[in-house]
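Asks: This is query-v5.txt, which holds compact mmCIF, C-alpha atoms:
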```txt
# COMPACT_ATOMS: atom_id res chain seq x y z
CA ALA A 1 16.79 -0.45 5.16
CA VAL A 2 14.24 2.29 4.45
CA LYS A 3 16.11 3.38 1.33
CA LEU A 4 15.98 -0.16 -0.05
CA VAL A 5 12.19 -0.16 0.33
CA GLU A 6 11.77 3.31 -1.18
CA VAL A 7 13.50 2.12 -4.35
CA TRP A 8 10.55 -0.19 -5.05
CA CYS A 9 7.89 2.49 -4.58
CA PHE A 10 8.48 4.03 -8.01
CA ILE A 11 6.91 0.94 -9.60
CA PRO A 12 3.29 1.51 -8.52
CA ILE A 13 3.58 5.23 -9.34
CA CYS A 14 4.73 4.44 -12.89
CA ILE A 15 1.95 1.90 -13.32
CA ALA A 16 -0.70 4.28 -11.95
CA SER A 17 0.42 7.05 -14.29
CA SER A 18 0.08 4.78 -17.28
CA VAL A 19 -3.30 3.20 -16.39
CA PHE A 20 -5.07 6.32 -15.10
CA PRO A 21 -6.20 7.65 -18.51
CA LYS A 22 -7.48 4.20 -19.49
CA PHE A 23 -9.56 3.98 -16.31
CA VAL A 24 -11.00 7.46 -16.88
CA GLU A 25 -12.06 6.38 -20.37
CA LEU A 26 -13.46 3.07 -19.15
CA LYS A 27 -15.46 4.74 -16.36
CA LYS A 28 -17.16 6.98 -18.95
CA ARG A 29 -18.09 4.04 -21.18
CA GLU A 30 -19.04 1.14 -18.91
CA SER A 31 -19.13 1.01 -15.13
CA VAL A 32 -19.14 -2.81 -14.80
CA ALA A 33 -16.05 -3.21 -16.99
CA TYR A 34 -14.46 -0.30 -15.12
CA LEU A 35 -14.90 -2.03 -11.76
CA ASP A 36 -13.76 -5.41 -13.14
CA LYS A 37 -10.58 -3.88 -14.57
CA LEU A 38 -10.04 -1.92 -11.37
CA GLN A 39 -10.28 -5.16 -9.38
CA LEU A 40 -7.71 -6.73 -11.70
CA TYR A 41 -5.44 -3.69 -11.28
CA TYR A 42 -5.75 -3.90 -7.48
CA THR A 43 -5.00 -7.62 -7.53
CA LEU A 44 -1.96 -7.25 -9.78
CA SER A 45 -0.63 -4.37 -7.64
CA THR A 46 -1.12 -6.33 -4.43
CA TRP A 47 0.54 -9.48 -5.74
CA LEU A 48 3.43 -7.63 -7.34
CA ALA A 49 4.11 -6.12 -3.92
CA ILE A 50 3.74 -9.49 -2.18
CA VAL A 51 6.22 -11.11 -4.58
CA ILE A 52 8.70 -8.30 -3.95
CA ALA A 53 8.15 -8.55 -0.17
CA VAL A 54 8.71 -12.31 -0.15
CA GLY A 55 11.82 -11.99 -2.31
CA ILE A 56 13.36 -9.21 -0.23
CA SER A 57 12.48 -11.06 2.98
CA PHE A 58 14.48 -14.08 1.83
CA ILE A 59 17.56 -12.08 0.81
CA ALA A 60 17.44 -9.30 3.42
CA ASP A 61 20.47 -10.50 5.43
CA TRP A 62 22.54 -11.06 2.31
CA LEU A 63 21.49 -7.72 0.79
CA ILE A 64 22.31 -5.69 3.90
CA ALA A 65 25.67 -7.48 4.30
CA LEU A 66 26.49 -6.92 0.62
CA LEU A 67 25.63 -3.22 0.62
CA TRP A 68 26.75 -2.13 4.09
CA GLY A 69 28.67 -4.99 5.67
CA ASP A 70 28.05 -7.51 8.41
CA LYS A 71 28.01 -4.91 11.18
CA TYR A 72 24.68 -3.60 9.81
CA ILE A 73 23.02 -7.03 9.59
CA GLY A 74 20.54 -5.96 12.31
CA ALA A 75 18.96 -3.64 9.75
CA SER A 76 17.66 -6.68 7.87
CA ASP A 77 14.79 -7.08 10.36
CA ILE A 78 13.81 -3.45 9.75
CA LEU A 79 14.05 -4.02 6.01
CA ILE A 80 11.74 -7.02 6.23
CA ILE A 81 9.09 -5.15 8.23
CA ASN A 82 9.28 -2.15 5.92
CA ILE A 83 9.05 -4.20 2.74
CA TRP A 84 5.79 -5.70 4.00
CA ALA A 85 4.51 -2.17 4.61
CA ALA A 86 5.23 -1.54 0.93
CA ILE A 87 2.30 -3.80 0.05
CA PHE A 88 0.01 -1.12 1.42
CA VAL A 89 1.97 1.58 -0.39
CA PHE A 90 1.34 -0.29 -3.66
CA GLN A 91 -2.33 -0.64 -2.75
CA GLY A 92 -2.55 3.02 -1.74
CA VAL A 93 -1.15 4.17 -5.05
CA ALA A 94 -3.62 1.93 -6.89
CA GLN A 95 -6.42 3.23 -4.68
CA SER A 96 -5.44 6.81 -5.55
CA VAL A 97 -6.38 6.10 -9.17
CA TRP A 98 -9.89 5.23 -8.00
CA THR A 99 -10.17 8.18 -5.59
CA ARG A 100 -9.19 10.66 -8.32
CA ILE A 101 -11.65 9.19 -10.82
CA GLU A 102 -14.43 9.15 -8.21
CA ASN A 103 -13.47 12.66 -7.01
CA LEU A 104 -12.90 11.47 -3.44
CA GLN A 105 -9.42 12.95 -2.91
CA ARG A 106 -10.62 14.83 0.18
CA TYR A 107 -10.86 11.51 1.99
CA SER A 108 -7.35 10.50 0.95
CA PHE A 109 -6.08 13.73 2.44
CA ILE A 110 -7.93 13.09 5.72
CA PHE A 111 -6.71 9.47 5.95
CA THR A 112 -3.13 10.53 5.21
CA ILE A 113 -3.15 13.23 7.88
CA ALA A 114 -4.66 10.78 10.39
CA GLY A 115 -2.02 8.21 9.35
CA CYS A 116 0.72 10.76 10.09
CA PHE A 117 -0.62 11.31 13.60
CA ILE A 118 -0.95 7.57 14.15
CA ASN A 119 2.63 7.08 12.95
CA ILE A 120 3.95 9.79 15.28
CA ALA A 121 2.06 8.35 18.26
CA LEU A 122 3.19 4.80 17.51
CA ASN A 123 6.79 5.94 17.05
CA TYR A 124 6.61 7.66 20.43
CA ILE A 125 5.38 4.42 22.02
CA LEU A 126 7.31 1.78 20.06
CA ILE A 127 10.76 3.27 19.42
CA PRO A 128 11.82 3.37 23.09
CA ILE A 129 10.87 -0.30 23.41
CA TYR A 130 11.78 -1.79 20.01
CA HIS A 131 14.10 0.86 18.53
CA GLY A 132 14.31 0.69 14.71
CA LYS A 133 11.89 -2.22 14.55
CA GLY A 134 9.39 -0.12 16.48
CA ALA A 135 9.60 2.61 13.84
CA ALA A 136 9.14 0.01 11.12
CA PHE A 137 6.06 -1.44 12.86
CA ALA A 138 4.66 2.08 13.30
CA THR A 139 5.00 2.60 9.55
CA LEU A 140 3.35 -0.73 8.76
CA ILE A 141 0.39 -0.05 11.05
CA SER A 142 0.00 3.51 9.75
CA GLN A 143 -0.03 2.30 6.14
CA ILE A 144 -2.70 -0.28 6.95
CA TYR A 145 -4.78 2.45 8.56
CA VAL A 146 -4.44 4.87 5.63
CA VAL A 147 -5.30 2.29 2.96
CA LEU A 148 -7.75 -0.09 4.66
CA LEU A 149 -8.93 0.82 8.15
CA GLY A 150 -9.69 4.53 7.76
CA PRO A 151 -11.49 4.16 4.42
CA TRP A 152 -13.54 1.25 5.77
CA PHE A 153 -15.44 3.62 8.06
CA ILE A 154 -16.52 6.00 5.28
CA ARG A 155 -19.39 4.77 3.13
CA GLU A 156 -18.06 6.44 -0.05
CA THR A 157 -14.66 4.73 0.21
CA ARG A 158 -15.72 1.31 1.52
CA LEU A 159 -16.07 -0.22 -1.98
CA SER A 160 -12.39 0.37 -2.66
CA VAL A 161 -11.45 -1.29 0.65
CA LYS A 162 -13.56 -4.33 -0.19
CA MET A 163 -11.82 -4.53 -3.56
CA LEU A 164 -8.38 -4.19 -1.96
CA ILE A 165 -9.15 -6.92 0.57
CA SER A 166 -10.38 -9.13 -2.30
CA SER A 167 -7.11 -8.50 -4.11
CA PHE A 168 -5.26 -10.66 -1.59
CA VAL A 169 -7.04 -13.71 -2.98
CA PRO A 170 -5.80 -14.38 -6.53
CA GLY A 171 -8.84 -14.52 -8.79
CA GLY A 172 -10.97 -13.29 -5.88
CA GLN A 173 -14.02 -11.30 -6.78
CA CYS A 174 -14.94 -8.06 -5.13
CA LEU A 175 -17.56 -8.24 -2.44
CA ARG A 176 -19.60 -5.50 -4.15
```
Could I get this file's structure written as structure tokens?

Replies:
Amino acid sequence: AVKLVEVWCFIPICIASSVFPKFVELKKRESVAYLDKLQLYYTLSTWLAIVIAVGISFIADWLIALLWGDKYIGASDILIINIWAAIFVFQGVAQSVWTRIENLQRYSFIFTIAGCFINIALNYILIPIYHGKGAAFATLISQIYVVLLGPWFIRETRLSVKMLISSFVPGGQCLR
């Protein structure tokens, strides 16, 4: 199930690599246009991930049965949880464009390390109770922390969180 989710994670990395130079250029020229385009990029990344998550959620049973057989059908629940965590992976990759341009990578490092500890602690608590689903929920919660919750508490990174939250509403404007 995890491997099926990882396959999708190359998409935001490819997109980020191609848009990064354009955002650097835009930031130098005009800050309002830069933030407007960044909001659009966040929204497109979020909704691309949501569309993938919805699609995979609908075909998870069929996909697992096709690839590994009916005896692994229980992995479809894990796949569904993990594919929803991928939304925050997509957002995190998009957010990394902003953090590099704004020279705030130190915070990304801190949030990622904290997310690792949160994931380990949640795995310790949830796996004995929920098994594979517990590990999937631990990943989902950790991703939410790294991308939204942790950065919310730092003044320098809060703007990006507001923009990411706004990205869940198509056509939504940032709460700048």

Asks: Show me, as number ranges by chain, the residues that have an atom within 12 Å of A:Pro21 when counting all atoms listed in the file, minus same-chain residues fewer than 5 positions from it.

Replies: A: 15-16, 26-28, 34, 97-98, 100-101

Asks: How many Å separate atom CA of A:Gln39 from atom CA of A:Phe168?

Replies: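 Separation of atom CA of A:Gln39 and atom CA of A:Phe168: 10.8 Å.
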
Asks: So how many Å separate atom CA of A:Gly74 and atom CA of A:Pro128, to one decimal?

Replies: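 That distance, rounded to one decimal, is 16.7 Å.
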
Asks: Out of A:Leu4, A:Ile154, A:Ile118, A:Ile125, which residue has the shortest atom-to-atom distance to A:Ile64 when counting all atoms listed in the file?

Replies: A:Leu4

Asks: Box time for stretch 70-85 of chain A: axis-aligned, enclosing all its listed atoms, 3 Å extra on each side; report centre and edge lengths in Å to one decimal, as lines of an AutoDock Vina configuration file.

Replies:
```
center_x = 16.3
center_y = -4.8
center_z = 7.5
size_x = 29.5
size_y = 11.4
size_z = 15.6
```

Asks: Quick one: of A:Ile110, A:Leu35, A:Leu149, A:Leu140, who's nearest to A:Val89, counting only C-alpha atoms?

Replies: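 Looking at the shortest contact to A:Val89, the residue is A:Leu140.
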
Asks: Determine, counting all atoms listed in the file, which protein, DNA and RNA residues have an atom within 9 Å of an atom of stretch 6-8 of chain A; residues of the same chain fewer than 6 positions away are not included. Present the result as number ranges by chain.

Replies: A: 49, 52, 83, 86

Asks: Kindly indicate which residue among A:Ile81, A:Leu38, A:Ile73, A:Ala94 lies nearest to A:Pro12, using all atoms listed in the file for the distances.

Replies: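 The answer is A:Ala94, which sits nearest to A:Pro12.
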
Asks: For A:Ala138, which residue among A:Leu164, A:Ile56, A:Leu67, A:Ala85 is the nearest when counting only C-alpha atoms?

Replies: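 Ranked by minimum distance to A:Ala138, first place goes to A:Ala85.
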
Asks: When you look at A:Thr112 with a cut-off of 12 Å (counting only C-alpha atoms), what residues show up, excluding the ones that are within fewer than 2 positions of it in the same chain? I need them as number ranges by chain.

Replies: A: 89, 92, 96, 105-110, 114-119, 142-151

Asks: Selected residues, C-alpha atoms, written as a tab-separated table (two decimals), in the coordinates of the input, please.

Replies:
```tsv
chain	number	residue	atom	x	y	z
A	89	VAL	CA	1.97	1.58	-0.39
A	92	GLY	CA	-2.55	3.02	-1.74
A	96	SER	CA	-5.44	6.81	-5.55
A	105	GLN	CA	-9.42	12.95	-2.91
A	106	ARG	CA	-10.62	14.83	0.18
A	107	TYR	CA	-10.86	11.51	1.99
A	108	SER	CA	-7.35	10.50	0.95
A	109	PHE	CA	-6.08	13.73	2.44
A	110	ILE	CA	-7.93	13.09	5.72
A	114	ALA	CA	-4.66	10.78	10.39
A	115	GLY	CA	-2.02	8.21	9.35
A	116	CYS	CA	0.72	10.76	10.09
A	117	PHE	CA	-0.62	11.31	13.60
A	118	ILE	CA	-0.95	7.57	14.15
A	119	ASN	CA	2.63	7.08	12.95
A	142	SER	CA	0.00	3.51	9.75
A	143	GLN	CA	-0.03	2.30	6.14
A	144	ILE	CA	-2.70	-0.28	6.95
A	145	TYR	CA	-4.78	2.45	8.56
A	146	VAL	CA	-4.44	4.87	5.63
A	147	VAL	CA	-5.30	2.29	2.96
A	148	LEU	CA	-7.75	-0.09	4.66
A	149	LEU	CA	-8.93	0.82	8.15
A	150	GLY	CA	-9.69	4.53	7.76
A	151	PRO	CA	-11.49	4.16	4.42
```

Asks: So the first atom is atom CA of A:Ser76 and the second is atom CA of A:Ala60; what is the distance between them in Å, to one decimal place?

Replies: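 Taking atom CA of A:Ser76 as the start and atom CA of A:Ala60 as the end point, the length is 5.2 Å.
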
Asks: Would you pick out the contacts of A:Phe90 at 9 Å or less, using all atoms listed in the file, so that residues sharing its chain but fewer than 3 positions from it are not included, and give the list as a list in words?

Replies: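 Contacts, with the query itself left out: Cys9, Ile11, Pro12, Ile13, Tyr42, Ser45, Thr46, Leu48, Ala49, Ala86, Ile87, Val93, Ala94 and Gln95 of chain A.
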
Asks: Can you tell me, as a PyMOL selection string, what residues are no more than 10 Å from A:Ile127 when counting only C-alpha atoms, ignoring any on the same chain fewer than 6 positions away?

Replies: chain A and resi 133-138

Asks: Looking at A:Val19, A:His131, A:Thr99, A:Ile120, which one is nearest to A:Val161, with distances taken over only C-alpha atoms?

Replies: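 Of the candidates, the smallest distance to A:Val161 is held by A:Thr99.
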